[in-house]
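Visitor: You'll find input_29.txt just under this line, and it carries compact mmCIF, C-alpha atoms.
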# COMPACT_ATOMS: atom_id res chain seq x y z
CA MET R 1 -55.72 99.46 12.76
CA VAL R 2 -54.13 97.09 10.26
CA GLU R 3 -55.40 99.34 7.48
CA LEU R 4 -53.85 102.39 9.14
CA ILE R 5 -50.48 100.68 9.55
CA ASP R 6 -50.68 99.40 5.98
CA ARG R 7 -51.31 102.97 4.84
CA LEU R 8 -48.24 104.13 6.72
CA VAL R 9 -45.95 101.38 5.47
CA ARG R 10 -47.26 100.47 2.01
CA PRO R 11 -49.92 102.79 0.59
CA VAL R 12 -50.91 102.15 -3.02
CA ALA R 13 -49.08 104.55 -5.33
CA PRO R 14 -48.45 104.84 -9.06
CA ALA R 15 -45.07 103.78 -10.46
CA GLU R 16 -44.81 107.24 -12.01
CA ARG R 17 -44.72 108.87 -8.55
CA LEU R 18 -41.66 106.90 -7.54
CA GLY R 19 -40.25 107.47 -11.03
CA ALA R 20 -40.66 111.23 -10.67
CA MET R 21 -38.74 111.06 -7.38
CA ARG R 22 -35.96 109.13 -9.08
CA ILE R 23 -35.71 111.84 -11.74
CA LEU R 24 -35.70 114.72 -9.25
CA VAL R 25 -33.25 113.16 -6.78
CA GLY R 26 -30.99 112.02 -9.64
CA LEU R 27 -31.08 115.46 -11.27
CA PHE R 28 -30.28 117.18 -7.99
CA ALA R 29 -27.41 114.79 -7.26
CA VAL R 30 -25.83 115.15 -10.70
CA ILE R 31 -26.13 118.96 -10.75
CA TYR R 32 -24.87 119.23 -7.15
CA MET R 33 -21.87 117.03 -7.89
CA LEU R 34 -21.05 118.92 -11.09
CA VAL R 35 -21.20 122.26 -9.27
CA ARG R 36 -18.79 120.91 -6.64
CA ALA R 37 -16.74 118.87 -9.10
CA VAL R 38 -13.35 120.40 -8.33
CA ALA R 39 -13.76 119.96 -4.58
CA MET R 40 -15.04 116.42 -5.05
CA VAL R 41 -12.03 115.09 -6.92
CA SER R 42 -9.24 116.83 -4.98
CA ALA R 43 -8.10 116.22 -1.42
CA PRO R 44 -7.67 119.43 0.63
CA ASP R 45 -4.06 120.47 1.33
CA HIS R 46 -2.59 119.41 4.68
CA ALA R 47 -5.87 117.88 5.88
CA LYS R 48 -5.95 114.76 8.01
CA PHE R 49 -7.52 111.68 6.43
CA SER R 50 -10.18 110.18 8.74
CA PRO R 51 -12.18 107.79 6.56
CA ALA R 52 -15.96 108.03 6.84
CA GLY R 53 -18.67 105.75 5.47
CA LEU R 54 -17.70 103.86 2.34
CA ALA R 55 -14.25 105.48 2.36
CA LYS R 56 -13.36 103.17 5.27
CA ILE R 57 -12.43 100.60 2.62
CA VAL R 58 -9.20 102.57 2.16
CA THR R 59 -6.70 103.50 4.87
CA ALA R 60 -4.97 106.39 3.12
CA PRO R 61 -5.88 109.02 0.50
CA VAL R 62 -6.25 107.44 -2.94
CA PRO R 63 -4.55 108.77 -6.11
CA GLY R 64 -6.27 111.75 -7.70
CA TRP R 65 -6.92 109.89 -10.97
CA LEU R 66 -9.03 107.31 -9.11
CA MET R 67 -11.34 110.02 -7.81
CA ILE R 68 -11.56 111.59 -11.27
CA VAL R 69 -12.52 108.22 -12.80
CA SER R 70 -14.99 107.56 -9.98
CA PHE R 71 -16.50 110.99 -10.51
CA ILE R 72 -16.88 110.58 -14.28
CA LEU R 73 -18.44 107.12 -13.86
CA MET R 74 -20.73 108.50 -11.18
CA ILE R 75 -21.97 111.28 -13.48
CA GLY R 76 -22.43 108.81 -16.36
CA SER R 77 -24.38 106.32 -14.25
CA GLY R 78 -26.27 109.27 -12.76
CA LEU R 79 -27.56 110.23 -16.20
CA CYS R 80 -28.73 106.62 -16.70
CA PHE R 81 -30.31 106.78 -13.22
CA ILE R 82 -32.27 109.89 -14.20
CA ALA R 83 -33.39 108.40 -17.52
CA GLY R 84 -34.12 105.02 -15.94
CA TYR R 85 -31.92 103.28 -18.48
CA ARG R 86 -30.70 99.74 -17.65
CA PHE R 87 -31.67 100.71 -14.14
CA ARG R 88 -31.00 97.37 -12.42
CA LEU R 89 -27.35 97.99 -13.23
CA SER R 90 -27.06 101.79 -13.47
CA GLY R 91 -29.13 102.49 -10.31
CA PRO R 92 -26.93 100.56 -7.85
CA ILE R 93 -23.73 101.70 -9.61
CA PHE R 94 -24.78 105.34 -9.31
CA ALA R 95 -25.80 105.00 -5.66
CA ALA R 96 -22.56 103.19 -4.80
CA LEU R 97 -20.37 105.74 -6.61
CA LEU R 98 -22.25 108.70 -5.16
CA THR R 99 -21.79 107.22 -1.68
CA TRP R 100 -18.10 106.53 -2.37
CA VAL R 101 -17.28 109.99 -3.76
CA LEU R 102 -19.15 111.83 -1.00
CA SER R 103 -17.80 109.53 1.73
CA TYR R 104 -14.28 110.13 0.48
CA ARG R 105 -14.85 113.87 0.35
CA ASN R 106 -16.22 113.74 3.90
CA SER R 107 -13.06 111.98 5.11
CA PHE R 108 -10.90 115.08 5.48
CA GLY R 109 -11.75 116.47 8.87
CA MET R 110 -15.43 117.24 8.56
CA ILE R 111 -18.69 115.59 7.55
CA TRP R 112 -21.14 117.65 5.54
CA HIS R 113 -24.46 116.93 7.19
CA THR R 114 -26.12 118.55 4.21
CA GLU R 115 -25.43 115.42 2.11
CA ASN R 116 -26.51 112.49 4.30
CA LEU R 117 -30.14 112.54 3.23
CA LEU R 118 -29.30 112.83 -0.46
CA VAL R 119 -27.18 109.68 -0.28
CA MET R 120 -29.79 107.76 1.70
CA HIS R 121 -32.48 108.70 -0.82
CA ALA R 122 -30.29 107.69 -3.76
CA ILE R 123 -29.58 104.29 -2.15
CA ILE R 124 -33.28 103.62 -1.53
CA LEU R 125 -34.25 104.67 -5.05
CA ALA R 126 -31.51 102.44 -6.50
CA ALA R 127 -32.57 99.47 -4.38
CA THR R 128 -36.28 99.72 -5.24
CA ASP R 129 -38.29 99.54 -8.40
CA SER R 130 -38.10 103.26 -9.07
CA ALA R 131 -37.63 102.83 -12.83
CA ALA R 132 -40.98 101.06 -13.26
CA GLY R 133 -42.49 104.40 -14.32
CA LEU R 134 -41.25 107.49 -16.19
CA SER R 135 -38.14 105.68 -17.46
CA LEU R 136 -36.62 104.34 -20.64
CA ASP R 137 -36.78 100.83 -19.15
CA ALA R 138 -40.54 101.21 -18.60
CA CYS R 139 -40.98 102.39 -22.19
CA ARG R 140 -39.85 98.97 -23.39
CA LYS R 141 -42.93 97.41 -21.78
CA PRO R 142 -46.12 97.47 -23.86
CA LYS R 143 -48.33 98.76 -21.02
CA PRO R 144 -47.78 101.11 -18.08
CA THR R 145 -47.26 99.37 -14.73
CA PRO R 146 -50.45 99.66 -12.63
CA PRO R 147 -50.40 101.41 -9.21
CA SER R 148 -49.26 99.16 -6.38
CA ALA R 149 -48.37 99.09 -2.69
CA HIS R 150 -44.92 98.05 -3.89
CA PHE R 151 -44.25 101.62 -5.09
CA GLY R 152 -45.94 103.18 -2.06
CA ALA R 153 -43.67 101.13 0.23
CA ALA R 154 -40.58 102.50 -1.51
CA ILE R 155 -41.90 106.08 -1.20
CA GLN R 156 -42.60 105.54 2.49
CA LEU R 157 -39.00 104.38 2.95
CA LEU R 158 -37.86 107.71 1.48
CA CYS R 159 -40.20 109.55 3.86
CA LEU R 160 -39.05 107.37 6.76
CA VAL R 161 -35.33 108.17 6.43
CA THR R 162 -36.21 111.86 6.05
CA VAL R 163 -38.28 112.06 9.22
CA LEU R 164 -35.89 109.89 11.23
CA SER R 165 -32.98 112.20 10.35
CA TYR R 166 -34.85 115.03 12.04
CA VAL R 167 -35.89 112.87 14.99
CA LEU R 168 -32.23 111.94 15.49
CA ALA R 169 -31.23 115.61 15.44
CA GLY R 170 -33.88 116.38 18.08
CA VAL R 171 -32.90 113.39 20.23
CA ALA R 172 -29.22 114.38 20.02
CA LYS R 173 -30.02 117.87 21.35
CA LEU R 174 -31.98 116.49 24.30
CA ARG R 175 -29.45 113.73 24.91
CA VAL R 176 -26.49 116.13 25.06
CA SER R 177 -28.01 119.25 26.57
CA GLY R 178 -31.36 118.12 28.00
CA ILE R 179 -34.36 120.42 28.10
CA GLY R 180 -31.85 123.27 28.62
CA TRP R 181 -31.48 123.29 24.84
CA THR R 182 -34.90 124.94 24.63
CA THR R 183 -34.76 127.13 27.73
CA GLY R 184 -31.15 128.32 27.81
CA ASP R 185 -28.85 130.20 25.49
CA ILE R 186 -27.55 127.16 23.60
CA LEU R 187 -29.01 128.08 20.21
CA ARG R 188 -27.89 131.69 20.63
CA ASN R 189 -24.37 130.56 21.54
CA HIS R 190 -24.33 128.30 18.48
CA VAL R 191 -25.31 131.17 16.20
CA ALA R 192 -22.68 133.46 17.77
CA TYR R 193 -19.99 130.77 17.74
CA ASP R 194 -20.70 129.69 14.18
CA ASN R 195 -20.63 133.22 12.81
CA LEU R 196 -17.55 134.22 14.80
CA ARG R 197 -15.74 131.09 13.65
CA LYS R 198 -16.46 132.09 10.05
CA VAL R 199 -15.27 135.66 10.67
CA LEU R 200 -12.03 134.44 12.25
CA LEU R 201 -11.39 131.97 9.45
CA GLY R 202 -12.04 134.52 6.72
CA ASP R 203 -15.30 133.10 5.41
CA SER R 204 -18.69 134.72 4.70
CA TYR R 205 -20.98 134.95 7.72
CA SER R 206 -24.53 136.02 8.50
CA GLU R 207 -24.84 139.65 9.48
CA LEU R 208 -28.41 138.93 10.54
CA GLY R 209 -27.12 136.18 12.83
CA ALA R 210 -24.45 138.50 14.24
CA TRP R 211 -27.14 141.09 14.97
CA ALA R 212 -29.59 138.56 16.38
CA ALA R 213 -26.95 137.10 18.73
CA ARG R 214 -27.15 140.35 20.72
CA HIS R 215 -30.86 139.73 21.48
CA ALA R 216 -31.32 136.69 23.73
CA TRP R 217 -35.14 136.77 23.70
CA LEU R 218 -35.21 136.06 19.95
CA PHE R 219 -33.81 132.56 20.32
CA LYS R 220 -36.03 130.83 22.87
CA PRO R 221 -39.10 130.54 20.58
CA PHE R 222 -36.83 129.32 17.77
CA ALA R 223 -35.27 126.71 20.04
CA VAL R 224 -38.65 125.36 21.15
CA LEU R 225 -39.95 125.31 17.58
CA THR R 226 -36.83 123.50 16.39
CA ILE R 227 -37.24 120.68 18.91
CA VAL R 228 -40.99 120.42 18.26
CA VAL R 229 -40.50 120.22 14.48
CA GLU R 230 -37.72 117.64 14.81
CA LEU R 231 -39.40 115.35 17.31
CA SER R 232 -42.82 115.58 15.66
CA ALA R 233 -41.39 114.58 12.26
CA PRO R 234 -42.96 111.07 12.24
CA VAL R 235 -46.47 112.60 11.93
CA ALA R 236 -45.49 113.45 8.35
CA LEU R 237 -45.52 109.74 7.52
CA TYR R 238 -49.31 109.95 7.67
CA GLY R 239 -49.20 112.06 4.51
CA GLY R 240 -51.72 114.64 3.29
CA LYS R 241 -52.03 118.07 4.85
CA ILE R 242 -50.17 117.09 8.04
CA ALA R 243 -47.15 116.09 5.99
CA ARG R 244 -47.27 119.27 3.91
CA LEU R 245 -47.53 121.41 7.06
CA TRP R 246 -44.51 119.62 8.55
CA VAL R 247 -42.57 120.08 5.31
CA LEU R 248 -43.37 123.79 5.36
CA LEU R 249 -42.16 124.08 8.96
CA VAL R 250 -38.96 122.14 8.40
CA TRP R 251 -38.22 124.01 5.18
CA SER R 252 -38.70 127.30 7.08
CA PHE R 253 -36.31 125.95 9.71
CA HIS R 254 -33.65 125.50 7.00
CA VAL R 255 -34.33 129.04 5.75
CA GLY R 256 -33.74 130.19 9.34
CA VAL R 257 -30.47 128.25 9.55
CA LEU R 258 -29.33 129.90 6.33
CA ALA R 259 -30.36 133.37 7.46
CA LEU R 260 -28.82 133.14 10.94
CA MET R 261 -25.82 130.88 10.44
CA TRP R 262 -25.07 131.10 6.74
CA ILE R 263 -25.26 127.32 6.50
CA LEU R 264 -26.83 126.14 3.26
CA PHE R 265 -28.70 122.84 3.12
CA PRO R 266 -29.20 122.78 -0.67
CA TYR R 267 -31.00 119.44 -0.87
CA GLN R 268 -33.56 120.51 1.73
CA LEU R 269 -33.93 124.11 0.55
CA SER R 270 -34.48 122.98 -3.04
CA VAL R 271 -37.46 120.96 -1.66
CA VAL R 272 -36.21 117.86 -3.52
CA ALA R 273 -35.54 116.23 -0.12
CA PHE R 274 -39.25 116.56 0.65
CA VAL R 275 -40.64 115.43 -2.70
CA PRO R 276 -41.58 111.99 -1.26
CA PHE R 277 -44.30 113.77 0.74
CA PHE R 278 -45.95 115.04 -2.44
CA ARG R 279 -47.61 113.53 -5.50
CA ALA R 280 -44.45 114.12 -7.46
CA GLU R 281 -45.81 112.75 -10.74
CA ARG R 282 -47.96 115.88 -11.00
CA PHE R 283 -44.82 117.99 -11.41
CA PHE R 284 -44.18 116.38 -14.78
CA PRO R 285 -47.28 116.34 -17.00
CA ARG R 286 -45.09 116.76 -20.11
CA LEU R 287 -42.92 113.82 -19.12
CA PHE R 288 -45.99 111.57 -19.19
CA GLU R 289 -46.55 112.57 -22.81
CA LEU R 290 -42.87 112.10 -23.66
CA PHE R 291 -42.61 108.67 -22.07
CA GLY R 292 -46.00 107.67 -23.57
CA TRP R 293 -44.67 108.58 -27.02
CA LEU R 294 -41.40 106.73 -26.32
CA ARG R 295 -43.34 103.67 -25.17
CA GLY R 296 -45.16 103.63 -28.48
CA ARG R 297 -41.85 103.67 -30.34
CA LEU R 298 -39.74 101.41 -28.09
CA SER R 299 -42.29 98.73 -27.17
CA GLY R 300 -43.14 98.34 -30.87
CA ARG R 301 -39.45 97.85 -31.63
CA VAL R 302 -39.13 95.29 -28.80
CA ARG R 303 -42.12 93.29 -30.18
CA GLN R 304 -40.57 93.24 -33.65
CA MET G 1 -40.67 88.35 -2.98
CA PHE G 2 -40.04 92.13 -3.11
CA GLN G 3 -43.72 92.78 -3.77
CA HIS G 4 -44.86 90.82 -0.72
CA ARG G 5 -46.44 92.62 2.22
CA ALA G 6 -44.10 90.97 4.74
CA PHE G 7 -41.06 92.18 2.80
CA HIS G 8 -42.35 95.76 2.91
CA TYR G 9 -42.73 95.57 6.69
CA VAL G 10 -39.30 94.00 7.16
CA ALA G 11 -37.74 96.70 4.92
CA PHE G 12 -39.56 99.47 6.83
CA VAL G 13 -38.44 98.22 10.26
CA GLY G 14 -34.95 97.34 8.99
CA VAL G 15 -34.35 100.77 7.46
CA ALA G 16 -35.71 102.46 10.61
CA CYS G 17 -33.33 100.45 12.82
CA LEU G 18 -30.40 101.19 10.54
CA VAL G 19 -31.02 104.95 10.41
CA LEU G 20 -31.60 105.08 14.19
CA SER G 21 -28.58 102.90 14.98
CA PRO G 22 -26.20 105.89 15.60
CA VAL G 23 -28.25 106.57 18.74
CA LEU G 24 -26.72 103.46 20.30
CA GLY G 25 -23.16 104.72 19.91
CA PRO G 26 -21.33 107.66 21.48
CA ILE G 27 -23.00 110.92 20.47
CA ASN G 28 -19.74 112.36 19.16
CA ARG G 29 -19.02 109.40 16.86
CA ASP G 30 -20.10 110.74 13.51
CA ASP G 31 -20.22 108.89 10.21
CA PHE G 32 -21.60 109.14 6.71
CA PRO G 33 -24.36 108.78 5.62
CA LEU G 34 -25.55 107.35 8.96
CA SER G 35 -25.09 110.00 11.63
CA PRO G 36 -26.47 110.96 15.06
CA PHE G 37 -26.89 114.50 13.63
CA ALA G 38 -25.49 116.03 16.80
CA MET G 39 -23.93 119.04 15.10
CA PHE G 40 -26.01 121.63 16.99
CA ALA G 41 -26.62 119.57 20.13
CA ASP G 42 -23.88 120.64 22.51
CA ASP G 43 -23.73 123.77 24.61
CA LYS G 44 -21.00 125.90 23.11
CA ASP G 45 -18.47 127.57 25.34
CA VAL G 46 -19.17 131.29 25.64
CA ASN G 47 -15.62 131.75 24.35
CA THR G 48 -14.61 130.89 20.80
CA THR G 49 -11.04 129.72 20.34
CA ILE G 50 -9.86 129.40 16.76
CA THR G 51 -6.54 128.86 15.08
CA GLN G 52 -6.42 131.20 12.11
CA ALA G 53 -4.02 132.18 9.35
CA VAL G 54 -3.44 135.92 9.13
CA GLY G 55 -1.62 137.98 6.51
CA LEU G 56 0.23 141.07 7.74
CA ARG G 57 0.82 144.14 5.58
CA ALA G 58 3.80 146.51 5.72
CA ASP G 59 1.62 149.21 7.32
CA GLY G 60 0.79 146.91 10.25
CA SER G 61 -2.75 146.10 9.15
CA GLU G 62 -3.80 142.50 8.76
CA MET G 63 -6.28 140.30 6.98
CA VAL G 64 -7.56 136.78 7.67
CA LEU G 65 -6.50 134.32 4.98
CA GLY G 66 -9.62 132.38 4.06
CA PRO G 67 -10.36 128.70 3.35
CA LYS G 68 -9.78 128.94 -0.41
CA LEU G 69 -6.11 129.79 0.20
CA LEU G 70 -5.86 126.52 2.14
CA GLY G 71 -7.17 124.58 -0.84
CA THR G 72 -10.73 124.08 0.36
CA ASP G 73 -14.06 125.82 -0.14
CA GLU G 74 -15.27 124.76 3.28
CA VAL G 75 -14.63 126.68 6.48
CA LEU G 76 -14.73 123.61 8.74
CA GLN G 77 -12.10 121.90 6.66
CA ALA G 78 -9.92 125.01 6.94
CA LYS G 79 -10.48 124.97 10.71
CA GLU G 80 -9.39 121.34 10.86
CA THR G 81 -6.28 122.00 8.77
CA LEU G 82 -5.20 125.03 10.82
CA GLY G 83 -6.12 123.29 14.07
CA ARG G 84 -3.42 120.73 13.37
CA VAL G 85 -0.67 123.35 13.24
CA PRO G 86 -0.30 123.93 17.03
CA ARG G 87 -0.15 120.16 17.58
CA SER G 88 2.56 119.59 14.99
CA SER G 89 6.35 119.68 15.44
CA LYS G 90 8.35 122.89 15.08
CA GLN G 91 9.75 121.65 11.77
CA ALA G 92 6.29 120.73 10.44
CA ARG G 93 5.00 124.18 11.38
CA ALA G 94 7.87 125.85 9.57
CA GLU G 95 7.25 123.71 6.46
CA PHE G 96 3.55 124.50 6.54
CA CYS G 97 4.27 128.21 6.89
CA ALA G 98 6.82 128.18 4.06
CA GLN G 99 4.43 126.36 1.69
CA PHE G 100 1.60 128.67 2.61
CA ALA G 101 3.79 131.76 2.18
CA ALA G 102 4.86 130.53 -1.26
CA LYS G 103 1.18 130.21 -2.21
CA ILE G 104 0.46 133.73 -0.99
CA ALA G 105 3.47 135.03 -2.95
CA ARG G 106 1.99 133.64 -6.17
CA ASP G 107 -1.41 135.27 -5.58
CA GLN G 108 -1.64 138.59 -7.44
CA ASP G 109 -4.49 139.77 -5.18
CA LEU G 110 -2.33 139.46 -2.08
CA VAL G 111 0.75 141.47 -3.10
CA SER G 112 0.40 143.68 -0.01
CA ILE G 113 0.93 140.74 2.35
CA VAL G 114 4.53 140.70 3.58
CA LYS G 115 4.28 138.18 6.40
CA ILE G 116 1.95 135.44 7.53
CA GLU G 117 1.14 134.12 10.98
CA VAL G 118 -0.74 131.09 12.22
CA ARG G 119 -2.16 132.01 15.59
CA THR G 120 -4.77 130.87 18.07
CA VAL G 121 -7.12 133.57 19.33
CA THR G 122 -9.89 133.49 21.91
CA TYR G 123 -12.86 135.84 21.89
CA GLU G 124 -16.05 135.92 23.91
CA SER G 125 -18.49 135.04 21.12
CA LEU G 126 -21.37 137.34 22.03
CA ALA G 127 -19.12 140.24 23.04
CA TYR G 128 -17.25 140.08 19.73
CA PHE G 129 -20.27 141.16 17.71
CA ALA G 130 -20.89 144.08 20.07
CA ASP G 131 -17.32 145.32 19.51
CA PRO G 132 -15.49 143.50 16.71
CA LYS G 133 -12.43 145.75 17.04
CA ALA G 134 -11.73 144.77 20.65
CA PRO G 135 -8.53 142.71 21.06
CA PRO G 136 -8.84 138.96 21.71
CA LYS G 137 -8.89 137.68 25.29
CA ARG G 138 -5.96 135.43 24.45
CA LYS G 139 -3.60 135.19 21.51
CA SER G 140 -0.65 132.93 20.80
CA VAL G 141 1.38 132.81 17.59
CA HIS G 142 2.50 129.30 16.56
CA VAL G 143 4.52 130.16 13.50
CA ALA G 144 5.29 133.20 11.39
CA CYS G 145 7.21 133.60 8.16
CA LYS G 146 7.94 136.25 5.56
CA VAL G 147 6.34 136.15 2.12
CA ALA G 148 9.28 136.12 -0.26
CA ARG G 149 8.64 137.46 -3.77
CA SER G 150 11.21 137.37 -6.53
What does this structure look like when you write it as structure tokens?

Guide:
Amino acid sequence: MVELIDRLVRPVAPAERLGAMRILVGLFAVIYMLVRAVAMVSAPDHAKFSPAGLAKIVTAPVPGWLMIVSFILMIGSGLCFIAGYRFRLSGPIFAALLTWVLSYRNSFGMIWHTENLLVMHAIILAATDSAAGLSLDACRKPKPTPPSAHFGAAIQLLCLVTVLSYVLAGVAKLRVSGIGWTTGDILRNHVAYDNLRKVLLGDSYSELGAWAARHAWLFKPFAVLTIVVELSAPVALYGGKIARLWVLLVWSFHVGVLALMWILFPYQLSVVAFVPFFRAERFFPRLFELFGWLRGRLSGRVRQ
Amino acid sequence: MFQHRAFHYVAFVGVACLVLSPVLGPINRDDFPLSPFAMFADDKDVNTTITQAVGLRADGSEMVLGPKLLGTDEVLQAKETLGRVPRSSKQARAEFCAQFAAKIARDQDLVSIVKIEVRTVTYESLAYFADPKAPPKRKSVHVACKVARS
């Protein structure tokens, strides 16, 4: 029993696995922020400021230049985060700035639930030893760091916040609407409402969702599957095939949300959100060679 | 210390409690990044009531003015911004309308728009997609102004 719990909380894992997650999450965050750069640094016209998260440290919208500086520093520290350079400093700075910029952006009338998990993952990666492998910092050490439960524990924290986000979503549905969420027309009404709202506000909407909303029978199996996938999320902590099956189901769920409601969860659909459930170091065989070569160069220089 | 087994367990339980903590608060109290993730939890009214910005052409046809014209790329932010119009004073509405009309006047793709309206409309959500051309169940105009071009 103790062994099983230990496997759930702190399995032995290579430093490179956690390092690969740092690279992927960092890359996603930097690219995502660059793509949305204009929206990130400008407050929407006429919108009400209701501070969320880290933005609660201010009581009114901040000057535009402050957001531009924050954004530039965030991208700079994000590049150091990806490379694992001076990580004890750059990691927390990046996570803090990412949280600040996204919190601020989420303080104008709506919270993008597509970004919560990205921020939580970045904070965990910054707070743990995720630059012990596949990083410039690690290249300064003469030998690679051996596998340890220390790295596995950090990976399990990433998995934990992922699965709990889905559990919370499932609990919220049952808490607000009870079992009626699976047996009634709630999901169908959501799809109809969400698409109609987009039509009436002049935005793109899902024609598939608009068509499907006319067929009540389509939604009940989806509703049941949604609740099952959300509430069963903790089984994925066990890892292996069970985790991969759950990831496939939850990824398909996000495809369904996109197809029916035209709501894009980029972090989840890119699969980066689910990388902690995989042996991520296998995605980067070339990086091993690159960092091995760099270690030879940098550790020699450090010894001199 | 960070490599110790006890620390790993404390971190695991601590992070779990933190992420689950929104469950203890009101379900509609959202935050970032900790959230109860209740965005699809409630039972939506069968009717959808939305405050929208509409551009009217000289021939009587109309077009919905989308989120980008309100300075956002997000529909929910546009909804929030427009939703504030009915609750604002008559003077604030007029100022909003005038600023918005000036923006429309500068847009070369919207030269056919001669007047704008901010209105609240109510449709039965499911019925709308069966017949999108049917008039709304309810409609009330909060402010309207002409688009002046020099």

Visitor: If we count all atoms listed in the file and set the cut-off at 7 Å, which residues sit around region 78-95 of chain G, ignoring sequence neighbours fewer than 6 positions away in its own chain? Please answer as a VMD selection string.

Guide: (chain R and resid 46 to 47 109) or (chain G and resid 51 to 52 67 70 72 142 to 143)

Visitor: Between CA of Val167 (chain R) and CA of Leu231 (chain R), measure the distance and give it in Å to one decimal.

Guide: 4.9 Å

Visitor: Can you work out which one of G:Arg5, G:Val75, G:Ser150, G:Arg138 has the shortest atom-to-atom distance to Phe151 (chain R), counting all atoms listed in the file?

Guide: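 Of all the options, G:Arg5 lies closest to Phe151 (chain R).
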
Visitor: Leaving out region 205-218 of chain R and any residue of its chain fewer than 4 positions from it, which residues lie within 6 Å of it when counting all atoms listed in the file, given as a ChimeraX atom specification?

Guide: /R:188,192,195,198,260-262

Visitor: So that I have them on file, write out the residues from the current selection with C-alpha atoms, as a PDB file, keeping the file's coordinate frame.

Guide:
ATOM      1  CA  ARG R 188     -27.890 131.690  20.630  1.00  0.00           C
ATOM      2  CA  ALA R 192     -22.680 133.460  17.770  1.00  0.00           C
ATOM      3  CA  ASN R 195     -20.630 133.220  12.810  1.00  0.00           C
ATOM      4  CA  LYS R 198     -16.460 132.090  10.050  1.00  0.00           C
ATOM      5  CA  LEU R 260     -28.820 133.140  10.940  1.00  0.00           C
ATOM      6  CA  MET R 261     -25.820 130.880  10.440  1.00  0.00           C
ATOM      7  CA  TRP R 262     -25.070 131.100   6.740  1.00  0.00           C
TER       8      TRP R 262
END

Visitor: Report the distance between CA of Ser177 (chain R) and CA of Thr48 (chain G) in Å, rounded to one decimal place.

Guide: 18.7 Å

Visitor: Would you mind listing, for every residue of chain R within 8 Å of chain G, the two atoms forming the shortest contact and the distance between them in Å to one decimal, using only C-alpha atoms, sorted by chain and ascending residue number, as a Markdown table?

Guide:
| residue | atom | partner | partner_atom | distance |
| --- | --- | --- | --- | --- |
| R:Val9 | CA | G:Tyr9 | CA | 6.8 |
| R:Arg10 | CA | G:His8 | CA | 6.9 |
| R:Ala39 | CA | G:Thr72 | CA | 7.1 |
| R:Pro44 | CA | G:Gly71 | CA | 5.4 |
| R:Asp45 | CA | G:Gly71 | CA | 5.6 |
| R:His46 | CA | G:Thr81 | CA | 6.1 |
| R:Ala47 | CA | G:Thr81 | CA | 5.0 |
| R:Lys48 | CA | G:Thr81 | CA | 7.3 |
| R:Ala52 | CA | G:Asp31 | CA | 5.5 |
| R:Gly53 | CA | G:Phe32 | CA | 4.6 |
| R:Leu54 | CA | G:Phe32 | CA | 7.9 |
| R:Thr99 | CA | G:Pro33 | CA | 7.9 |
| R:Ser103 | CA | G:Phe32 | CA | 6.3 |
| R:Asn106 | CA | G:Phe32 | CA | 7.6 |
| R:Phe108 | CA | G:Gln77 | CA | 7.0 |
| R:Gly109 | CA | G:Glu80 | CA | 5.8 |
| R:Met110 | CA | G:Gln77 | CA | 6.0 |
| R:Ile111 | CA | G:Phe32 | CA | 7.1 |
| R:His113 | CA | G:Phe37 | CA | 7.3 |
| R:Glu115 | CA | G:Pro33 | CA | 7.6 |
| R:Asn116 | CA | G:Pro33 | CA | 4.5 |
| R:Leu117 | CA | G:Pro33 | CA | 7.3 |
| R:Val119 | CA | G:Pro33 | CA | 6.6 |
| R:Met120 | CA | G:Pro33 | CA | 6.8 |
| R:Ala149 | CA | G:Gln3 | CA | 7.9 |
| R:His150 | CA | G:Gln3 | CA | 5.4 |
| R:Ala153 | CA | G:His8 | CA | 6.1 |
| R:Leu157 | CA | G:Phe12 | CA | 6.3 |
| R:Leu160 | CA | G:Ala16 | CA | 7.1 |
| R:Val161 | CA | G:Val19 | CA | 6.7 |
| R:Leu164 | CA | G:Val19 | CA | 7.0 |
| R:Ser165 | CA | G:Phe37 | CA | 7.3 |
| R:Leu168 | CA | G:Pro36 | CA | 5.9 |
| R:Ala169 | CA | G:Phe37 | CA | 4.8 |
| R:Ala172 | CA | G:Ala38 | CA | 5.2 |
| R:Lys173 | CA | G:Ala41 | CA | 4.0 |
| R:Leu174 | CA | G:Ala41 | CA | 7.5 |
| R:Val176 | CA | G:Asp42 | CA | 5.8 |
| R:Ser177 | CA | G:Asp42 | CA | 6.0 |
| R:Trp181 | CA | G:Ala41 | CA | 7.7 |
| R:Ile186 | CA | G:Asp43 | CA | 5.2 |
| R:Leu187 | CA | G:Phe40 | CA | 7.8 |
| R:Asn189 | CA | G:Lys44 | CA | 6.0 |
| R:His190 | CA | G:Lys44 | CA | 6.2 |
| R:Ala192 | CA | G:Ser125 | CA | 5.6 |
| R:Tyr193 | CA | G:Ser125 | CA | 5.6 |
| R:Leu196 | CA | G:Ser125 | CA | 6.4 |
| R:Arg197 | CA | G:Ile50 | CA | 6.9 |
| R:Lys198 | CA | G:Val75 | CA | 6.7 |
| R:Leu200 | CA | G:Gln52 | CA | 6.5 |
| R:Leu201 | CA | G:Gly66 | CA | 5.7 |
| R:Gly202 | CA | G:Gly66 | CA | 4.2 |
| R:Asp203 | CA | G:Gly66 | CA | 5.9 |
| R:Ala210 | CA | G:Phe129 | CA | 6.0 |
| R:Trp211 | CA | G:Phe129 | CA | 7.4 |
| R:Ala213 | CA | G:Leu126 | CA | 6.5 |
| R:Arg214 | CA | G:Leu126 | CA | 6.6 |

Visitor: Select all residues near (-50.3, 103.2, -10.2) (cut-off 8 Å, inclusive, file coordinates), counting only C-alpha atoms, and output them as a ChimeraX atom specification.

Guide: /R:12-16,145-148
